[in-house]
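Everything below belongs to coords19.txt, which stores compact mmCIF, C-alpha atoms.
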# COMPACT_ATOMS: atom_id res chain seq x y z
CA MET A 593 -263.47 120.66 -71.52
CA SER A 594 -260.25 122.66 -71.60
CA PHE A 595 -257.26 121.72 -69.43
CA LEU A 596 -253.75 122.84 -68.64
CA ALA A 597 -250.47 121.68 -70.12
CA LYS A 598 -248.94 118.69 -68.37
CA VAL A 599 -245.34 119.57 -67.59
CA PHE A 600 -242.78 116.88 -66.82
CA ILE A 601 -240.12 117.99 -64.34
CA TYR A 602 -236.65 116.65 -63.66
CA PRO A 603 -235.77 116.04 -60.78
CA VAL A 604 -239.09 114.26 -60.63
CA ASN A 605 -239.66 115.07 -56.95
CA SER A 606 -238.54 118.73 -56.95
CA LEU A 607 -240.45 121.08 -54.66
CA ILE A 608 -239.32 124.23 -56.46
CA LEU A 609 -240.21 122.97 -59.94
CA ALA A 610 -243.53 121.43 -58.91
CA ASP A 611 -244.52 124.66 -57.17
CA LEU A 612 -243.46 126.94 -60.03
CA VAL A 613 -245.32 124.84 -62.62
CA GLU A 614 -248.49 124.90 -60.52
CA ARG A 615 -248.06 128.60 -59.75
CA PHE A 616 -247.99 129.46 -63.44
CA GLY A 617 -251.18 127.54 -64.12
CA HIS A 618 -249.99 124.17 -65.42
CA LYS A 619 -250.05 120.63 -64.08
CA PRO A 620 -246.72 119.21 -62.86
CA LEU A 621 -246.15 115.52 -63.56
CA THR A 622 -244.43 114.35 -60.40
CA ILE A 623 -243.44 110.96 -59.09
CA MET A 624 -245.21 111.64 -55.79
CA ASN A 625 -248.60 111.15 -57.42
CA GLN A 626 -247.46 107.82 -58.85
CA VAL A 627 -246.12 106.74 -55.47
CA ARG A 628 -249.41 107.75 -53.82
CA GLU A 629 -251.31 105.29 -55.98
CA LYS A 630 -248.94 102.55 -54.91
CA VAL A 631 -248.95 103.22 -51.18
CA THR A 632 -252.53 104.27 -50.50
CA ASN A 633 -254.34 101.71 -52.61
CA ILE A 634 -255.89 99.31 -50.11
CA SER A 635 -255.52 96.37 -52.48
CA LEU A 636 -251.71 96.63 -52.32
CA ASP A 637 -249.54 95.70 -49.36
CA SER A 638 -246.79 97.83 -47.86
CA PRO A 639 -243.28 98.00 -49.43
CA PRO A 640 -241.52 96.00 -50.75
CA ILE A 641 -244.59 94.01 -51.71
CA ASN A 642 -246.43 96.88 -53.35
CA ILE A 643 -245.65 95.83 -56.89
CA THR A 644 -248.29 94.29 -59.11
CA PRO A 645 -247.68 91.82 -61.98
CA GLU A 646 -248.44 94.69 -64.37
CA ASP A 647 -245.53 96.87 -63.20
CA PRO A 648 -242.65 94.83 -64.69
CA LYS A 649 -244.55 94.75 -68.00
CA ILE A 650 -244.80 98.54 -67.99
CA GLY A 651 -241.07 98.79 -67.20
CA LEU A 652 -240.26 96.50 -70.12
CA ARG A 653 -241.74 99.02 -72.54
CA TYR A 654 -238.86 101.38 -71.82
CA ALA A 655 -235.91 99.16 -70.89
CA ALA A 656 -234.88 95.72 -72.12
CA ILE A 657 -234.72 92.59 -69.95
CA GLU A 658 -230.89 92.86 -69.68
CA VAL A 659 -231.19 96.26 -68.02
CA PRO A 660 -230.98 96.19 -64.20
CA ALA A 661 -234.32 95.56 -62.51
CA GLY A 662 -234.05 98.88 -60.65
CA VAL A 663 -234.17 100.82 -63.90
CA ARG A 664 -237.23 98.93 -65.10
CA GLY A 665 -238.90 99.32 -61.72
CA ARG A 666 -238.34 103.07 -61.75
CA MET A 667 -239.46 103.34 -65.35
CA ALA A 668 -242.70 101.55 -64.43
CA LEU A 669 -243.50 104.65 -62.38
CA ILE A 670 -241.86 107.35 -64.51
CA GLY A 671 -242.64 105.97 -67.99
CA PRO A 672 -246.40 106.63 -67.86
CA LEU A 673 -245.60 110.23 -66.84
CA ILE A 674 -243.37 110.69 -69.89
CA GLU A 675 -246.16 109.43 -72.13
CA GLU A 676 -248.51 112.07 -70.76
CA THR A 677 -246.04 114.93 -70.98
CA GLU A 678 -246.77 117.98 -73.16
CA ALA A 679 -243.75 120.04 -72.08
CA ALA A 680 -240.73 119.46 -69.86
CA ILE A 681 -238.33 121.30 -67.59
CA ILE A 682 -234.99 119.56 -67.08
CA VAL A 683 -232.66 120.92 -64.40
CA GLU A 684 -229.05 119.85 -64.73
CA ASN A 685 -226.83 118.98 -61.75
CA PRO A 686 -229.37 119.16 -58.92
CA PRO A 687 -227.69 119.30 -55.49
CA THR A 688 -228.61 115.83 -54.26
CA ASN A 689 -229.38 112.92 -56.46
CA PHE A 690 -229.35 109.79 -54.40
CA GLY A 691 -231.80 107.34 -52.92
CA CYS A 692 -234.91 106.64 -54.98
CA VAL A 693 -234.06 109.26 -57.63
CA GLY A 694 -230.33 108.59 -57.57
CA CYS A 695 -230.17 106.01 -60.34
CA ASN A 696 -228.11 107.68 -63.05
CA ARG A 697 -229.05 105.15 -65.74
CA THR A 698 -232.76 105.78 -65.13
CA ASN A 699 -232.17 109.52 -65.16
CA GLU A 700 -230.28 109.35 -68.45
CA LEU A 701 -232.99 107.17 -70.01
CA MET A 702 -235.72 109.44 -68.70
CA LYS A 703 -234.08 112.58 -70.12
CA TYR A 704 -233.44 110.84 -73.44
CA LEU A 705 -237.08 109.77 -73.76
CA VAL A 706 -238.33 113.27 -72.94
CA ARG A 707 -235.95 114.94 -75.41
CA SER A 708 -236.82 112.50 -78.19
CA LYS A 709 -240.55 112.95 -77.64
CA GLY A 710 -240.52 116.27 -79.49
CA VAL A 711 -242.28 118.34 -76.84
CA PRO A 712 -240.98 121.81 -75.81
CA VAL A 713 -238.14 121.27 -73.33
CA LEU A 714 -236.45 123.87 -71.14
CA GLU A 715 -233.00 122.92 -69.87
CA VAL A 716 -231.62 125.03 -67.03
CA LYS A 717 -228.84 124.73 -64.50
CA TYR A 718 -229.67 124.34 -60.83
CA PRO A 719 -229.06 127.71 -59.11
CA GLU A 720 -226.26 127.96 -56.58
CA PHE A 721 -226.37 131.70 -55.84
CA ASP A 722 -229.11 134.29 -55.46
CA GLU A 723 -228.43 135.87 -58.85
CA GLU A 724 -228.63 132.52 -60.57
CA ALA A 725 -231.93 131.89 -58.78
CA HIS A 726 -233.37 135.03 -60.38
CA ASP A 727 -232.36 133.87 -63.85
CA PHE A 728 -233.64 130.38 -63.05
CA VAL A 729 -237.09 131.66 -62.07
CA ASN A 730 -237.25 134.09 -64.98
CA LYS A 731 -236.38 131.45 -67.55
CA ILE A 732 -238.95 129.03 -66.12
CA ALA A 733 -241.60 131.76 -65.94
CA THR A 734 -241.00 132.77 -69.56
CA PHE A 735 -241.13 129.13 -70.67
CA LEU A 736 -244.32 128.36 -68.76
CA GLU A 737 -246.02 131.53 -69.97
CA SER A 738 -245.23 130.55 -73.55
CA LEU A 739 -247.10 127.24 -73.15
CA PRO A 740 -250.77 127.13 -74.12
CA LYS A 741 -252.83 127.27 -70.95
CA GLU A 742 -255.98 126.03 -72.60
CA LYS A 743 -256.34 123.58 -75.42
CA PRO A 744 -258.63 124.67 -78.23
CA GLU A 745 -261.98 123.00 -77.69
CA GLU A 746 -262.24 122.12 -81.38
CA ASP A 747 -259.17 119.86 -81.17
CA GLU A 748 -260.59 118.02 -78.20
CA LYS A 749 -263.95 117.55 -79.86
CA ALA A 750 -262.22 116.23 -82.96
CA LYS A 751 -260.26 113.76 -80.82
CA GLU A 752 -263.43 112.62 -79.12
CA LYS A 753 -265.15 112.12 -82.46
CA GLU A 754 -262.31 110.16 -84.09
CA PRO A 755 -262.58 107.00 -81.97
CA ALA A 756 -266.35 107.07 -82.25
CA GLU A 757 -266.08 107.21 -86.03
CA LYS A 758 -263.58 104.36 -86.07
CA GLU A 759 -265.90 102.22 -83.96
CA ASP A 760 -268.76 102.95 -86.34
CA LYS A 761 -266.69 101.82 -89.32
CA LYS A 762 -265.85 98.54 -87.61
CA MET B 726 -264.27 97.24 -56.33
CA ALA B 727 -266.53 100.23 -55.63
CA GLU B 728 -264.90 103.27 -54.04
CA THR B 729 -266.33 103.85 -50.61
CA LYS B 730 -264.47 107.01 -49.66
CA LYS B 731 -263.21 110.17 -51.35
CA GLU B 732 -259.76 110.36 -52.88
CA GLU B 733 -257.29 111.38 -50.19
CA ILE B 734 -254.21 113.40 -51.00
CA THR B 735 -251.30 114.75 -49.01
CA LYS B 736 -249.39 117.96 -49.60
CA TYR B 737 -246.30 119.55 -48.15
CA ILE B 738 -246.56 123.24 -47.37
CA VAL B 739 -243.01 124.59 -47.08
CA ILE B 740 -242.82 127.99 -45.43
CA SER B 741 -239.87 130.27 -46.14
CA SER B 742 -241.44 133.49 -44.99
CA ASP B 743 -240.42 136.27 -42.60
CA LYS B 744 -244.06 136.95 -41.80
CA VAL B 745 -245.63 133.50 -41.43
CA LEU B 746 -244.50 130.68 -39.15
CA PRO B 747 -245.61 127.03 -39.45
CA SER B 748 -247.56 127.50 -36.19
CA ASP B 749 -249.45 130.49 -37.67
CA ALA B 750 -250.33 128.45 -40.73
CA SER B 751 -251.53 125.49 -38.65
CA MET B 752 -253.68 127.80 -36.50
CA LYS B 753 -255.19 129.22 -39.69
CA ILE B 754 -256.11 125.69 -40.78
CA TYR B 755 -257.70 124.89 -37.40
CA GLU B 756 -259.72 128.12 -37.69
CA SER B 757 -260.88 127.20 -41.18
CA GLU B 758 -262.52 124.03 -39.80
CA PHE B 759 -261.74 121.91 -42.84
CA PRO B 760 -261.69 118.17 -42.02
CA VAL B 761 -257.97 117.66 -42.72
CA THR B 762 -255.08 116.17 -40.75
CA VAL B 763 -252.27 118.66 -40.15
CA LYS B 764 -248.76 117.83 -39.03
CA GLU B 765 -246.44 120.68 -38.13
CA THR B 766 -242.79 120.18 -39.05
CA CYS B 767 -239.58 122.20 -38.94
CA PHE B 768 -240.00 123.37 -42.53
CA GLY B 769 -243.77 123.84 -42.63
CA LEU B 770 -246.78 121.57 -42.63
CA ILE B 771 -248.00 118.26 -43.98
CA VAL B 772 -251.71 118.27 -44.78
CA THR B 773 -253.74 115.12 -45.48
CA GLY B 774 -257.41 114.90 -46.38
CA ALA B 775 -259.97 114.79 -49.13
CA LYS B 776 -258.69 116.32 -52.37
CA GLU B 777 -261.06 119.31 -52.44
CA ASP B 778 -260.47 120.13 -48.78
CA VAL B 779 -256.68 119.94 -49.05
CA GLN B 780 -256.65 122.10 -52.18
CA ALA B 781 -258.86 124.71 -50.50
CA VAL B 782 -256.67 124.74 -47.38
CA VAL B 783 -253.47 124.97 -49.38
CA GLU B 784 -254.79 127.92 -51.38
CA LYS B 785 -255.84 129.66 -48.17
CA ILE B 786 -252.39 129.20 -46.62
CA ARG B 787 -250.57 130.20 -49.79
CA GLN B 788 -252.40 133.54 -49.76
CA LEU B 789 -250.77 134.39 -46.40
CA ASP B 790 -247.48 135.06 -48.22
CA LYS B 791 -247.87 133.66 -51.68
CA ASN B 792 -244.33 134.14 -52.97
CA HIS B 793 -242.68 132.59 -49.93
CA ILE B 794 -244.92 129.60 -49.31
CA PHE B 795 -244.28 126.60 -51.54
CA VAL B 796 -246.38 123.51 -52.05
CA LYS B 797 -245.76 120.05 -53.42
CA ASP B 798 -247.53 116.72 -53.38
CA ARG B 799 -246.54 113.85 -51.14
CA GLY B 800 -247.14 110.16 -51.76
CA PHE B 801 -247.40 108.92 -48.20
CA PRO B 802 -250.04 110.29 -45.79
CA ALA B 803 -248.89 112.33 -42.76
CA GLY B 804 -247.57 110.10 -39.97
CA ASP B 805 -247.52 106.99 -42.17
CA GLN B 806 -245.67 104.23 -40.28
CA ARG B 807 -243.61 103.32 -43.34
CA ARG B 808 -242.07 106.81 -43.42
CA CYS B 809 -242.60 108.40 -39.99
CA ARG B 810 -239.37 108.78 -38.00
CA ALA B 811 -241.12 107.84 -34.76
CA SER B 812 -241.61 104.25 -35.93
CA ARG B 813 -238.32 103.98 -37.82
CA GLY B 814 -235.92 104.66 -34.98
CA GLY B 815 -235.18 108.33 -35.71
CA GLY B 816 -232.95 109.96 -38.29
CA PRO B 817 -234.07 111.86 -41.38
CA ARG B 818 -236.86 110.17 -43.28
CA PRO B 819 -236.26 109.09 -46.90
CA GLY B 820 -236.73 112.09 -49.18
CA PHE B 821 -235.85 114.69 -46.57
CA HIS B 822 -232.31 115.36 -47.84
CA PHE B 823 -233.40 116.74 -51.19
CA LEU B 824 -236.16 118.77 -49.57
CA ARG B 825 -233.60 120.27 -47.16
CA GLU B 826 -231.33 121.24 -50.05
CA GLU B 827 -234.23 122.88 -51.86
CA VAL B 828 -235.38 124.73 -48.75
CA LYS B 829 -232.00 126.48 -48.67
CA MET B 830 -232.73 127.98 -52.09
CA LEU B 831 -236.29 129.10 -51.27
CA PRO B 832 -235.45 132.63 -50.00
CA ALA B 833 -233.77 133.41 -53.32
CA ILE B 834 -236.62 131.85 -55.31
CA GLY B 835 -239.14 133.85 -53.25
CA ALA B 836 -237.23 137.08 -53.88
CA ALA B 837 -237.21 136.33 -57.62
CA LEU B 838 -240.96 135.74 -57.55
CA ASP B 839 -241.42 139.06 -55.71
CA GLU B 840 -239.55 140.79 -58.51
CA LEU B 841 -241.64 139.06 -61.14
CA GLU B 842 -244.76 140.15 -59.38
CA ALA B 843 -243.53 143.73 -59.34
CA LYS B 844 -243.82 143.44 -63.12
CA GLU B 845 -240.20 143.96 -63.86
CA CYS B 846 -239.39 142.95 -67.37
CA VAL B 847 -238.69 139.20 -67.44
CA LYS B 848 -236.39 139.33 -70.41
CA GLU B 849 -234.33 142.17 -68.95
CA LYS B 850 -233.35 139.92 -66.08
CA CYS B 851 -231.69 137.40 -68.37
CA LYS B 852 -229.16 139.95 -69.62
CA GLU B 853 -225.44 139.74 -68.85
CA LYS B 854 -224.06 140.47 -65.41
CA SER B 855 -223.31 144.12 -64.64
CA LYS B 856 -222.02 146.16 -61.73
CA LEU B 857 -224.32 146.59 -58.74
CA LYS B 858 -225.87 150.06 -58.56
CA ILE B 859 -225.41 152.06 -55.36
CA SER B 860 -229.18 152.46 -55.02
CA ASP B 861 -229.65 148.69 -55.26
CA LEU B 862 -226.93 148.11 -52.67
CA GLU B 863 -228.64 150.55 -50.33
CA LYS B 864 -231.90 148.64 -50.75
CA VAL B 865 -230.19 145.35 -49.92
CA ILE B 866 -228.59 146.84 -46.77
CA GLU B 867 -231.89 148.34 -45.64
CA GLU B 868 -233.71 145.03 -46.17
CA GLU B 869 -231.07 143.15 -44.20
CA LEU B 870 -231.16 145.67 -41.33
CA ALA B 871 -234.96 145.55 -41.23
CA ARG B 872 -234.91 141.81 -40.48
Here is the file; what I need is its structure written in the form of structure tokens.
Amino acid sequence: MSFLAKVFIYPVNSLILADLVERFGHKPLTIMNQVREKVTNISLDSPPINITPEDPKIGLRYAAIEVPAGVRGRMALIGPLIEETEAAIIVENPPTNFGCVGCNRTNELMKYLVRSKGVPVLEVKYPEFDEEAHDFVNKIATFLESLPKEKPEEDEKAKEKEPAEKEDKK
Amino acid sequence: MAETKKEEITKYIVISSDKVLPSDASMKIYESEFPVTVKETCFGLIVTGAKEDVQAVVEKIRQLDKNHIFVKDRGFPAGDQRRCRASRGGGPRPGFHFLREEVKMLPAIGAALDELEAKECVKEKCKEKSKLKISDLEKVIEEELAR
């Protein structure tokens, strides 16, 4: 089965970026989907008790124990998204960065992990004027159009076969 | 634990159009008879329901003015007590501030998408700034007066 490229966006809750990525035929990796799993799962209680024993372990994969708990908590949600990412759009100096997405240490760590992952990354400045908005959209459109919309089926079949072969050898 | 009901999702539909109002969009959803929950807001709509239904509804609404209607996912269902202002004593709900900032930029983003759709060369737009042509200025004035 063929599927679209998974595009990580920063800010992770951006309406404009999420919409543009979806509009150009790719899948945006947004924090809203992660939050949905936490708040609509009937086996979890309402905040702040909606954390499972697994979440701190996930956070520890990305940040050490000395790092503030808030960073690890955020990375427990954002880290799995970064692992899935196949391309990324990073927007510098977004207008408001406070509240849940306002942790600068998490944002720095998140951007570092994405950049060091080796996937195609587009870095643009948040538009302040109409003219800048045109450039902003054009750059994003060009970037998204350059991404492969469908993965070659052969690659996927090969990936499916590999684990099966390994299991056979065992 | 076995799943007893379909996966429910919630989406924001943010309307920044001169032609479509949130009330028009909500009427369109009522007409479509999809089993979804719709909440009308100042910036657009919040739609909650089964994944397939919500996606179908969103696509239908987007077609009303596709370059000026924007969609994003939402974690909490519409009217959720943990986020709804009615049960939290008023004031903007968490997450609204960033949305409000982005809504201010949507007319410009929509105009850029219109241009893209008109198949103007994408690369040409990234060139250096130049003086505004008189014909372009006339177009801008006419568009403003037509509003």
Compare A:Lys619, A:Ala680, A:Asn730, A:Ile608 by their minimum atom-to-atom distance to Pro832 of chain B, counting all atoms listed in the file, and give me the closest one.
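The shortest atom-to-atom distance to Pro832 of chain B comes from A:Ile608.
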Have a look at B:Leu824, B:Ile859, B:Ala803, B:Ile866 and name the one nearest to chain A; count all atoms listed in the file.
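Of B:Leu824, B:Ile859, B:Ala803, B:Ile866, the one nearest chain A, counting all atoms listed in the file, is B:Leu824.
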Residue nearest Asn642 of chain A - candidates A:Pro687, A:Pro660, A:Pro740, A:Gly665, atoms counted: all atoms listed in the file:
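Distance minimum relative to Asn642 of chain A lands on A:Gly665.
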Please list as a PyMOL selection string every residue within 7 Å of segment 736-753 of chain B, counting all atoms listed in the file and excluding residues in the same chain fewer than 2 positions away.
chain B and resi 734+755-757+765+768-773+786+793-799+831-832
Counting only C-alpha atoms, chain A residues within 9 Å of chain B, as a PyMOL selection string:
chain A and resi 605-608+610-612+614+622-632+638-639+687-692+719-731+733-734
Just to confirm, what's the straight-line distance from atom CA of Arg615 of chain A to atom CA of Gln788 of chain B in Å (one decimal)?
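Answer for the atom CA of Arg615 of chain A to atom CA of Gln788 of chain B separation: 12.0 Å.
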Near segment 693-703 of chain A, counting only C-alpha atoms, which residues have an atom at most 10 Å away, once you skip same-chain residues fewer than 6 positions from it, shown as a PyMOL selection string?
(chain A and resi 601-605+623+654-655+659-660+662-667+670-671+674+680+682+709) or (chain B and resi 820+823)
Padding 4 Å on every side, please: axis-aligned box over the listed atoms of segment 706-722 of chain A, centre and edge lengths to one decimal in Å, as JSON.
{"center_x": -234.3, "center_y": 123.4, "center_z": -67.5, "size_x": 24.0, "size_y": 29.8, "size_z": 32.0}
One decimal, in Å: what's the spacing between atom CA of Leu714 of chain A and atom CA of Val683 of chain A?
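Interatomic distance here is 8.3 Å.
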Of the listed residues A:Val706, A:Ile634, A:Val716, A:Ile643, that which approaches Pro672 of chain A most closely, counting only C-alpha atoms
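Looking only at the distances to Pro672 of chain A, the closest residue turns out to be A:Val706.
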Which is closest to Glu678 of chain A among A:Ile657, A:Val713, A:Leu609, A:Leu705, if we use only C-alpha atoms?
A:Val713
Just how far from atom CA of Arg818 of chain B is atom CA of Glu646 of chain A, in Å to one decimal?
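Atom CA of Arg818 of chain B lies at a distance of 28.6 Å from atom CA of Glu646 of chain A.
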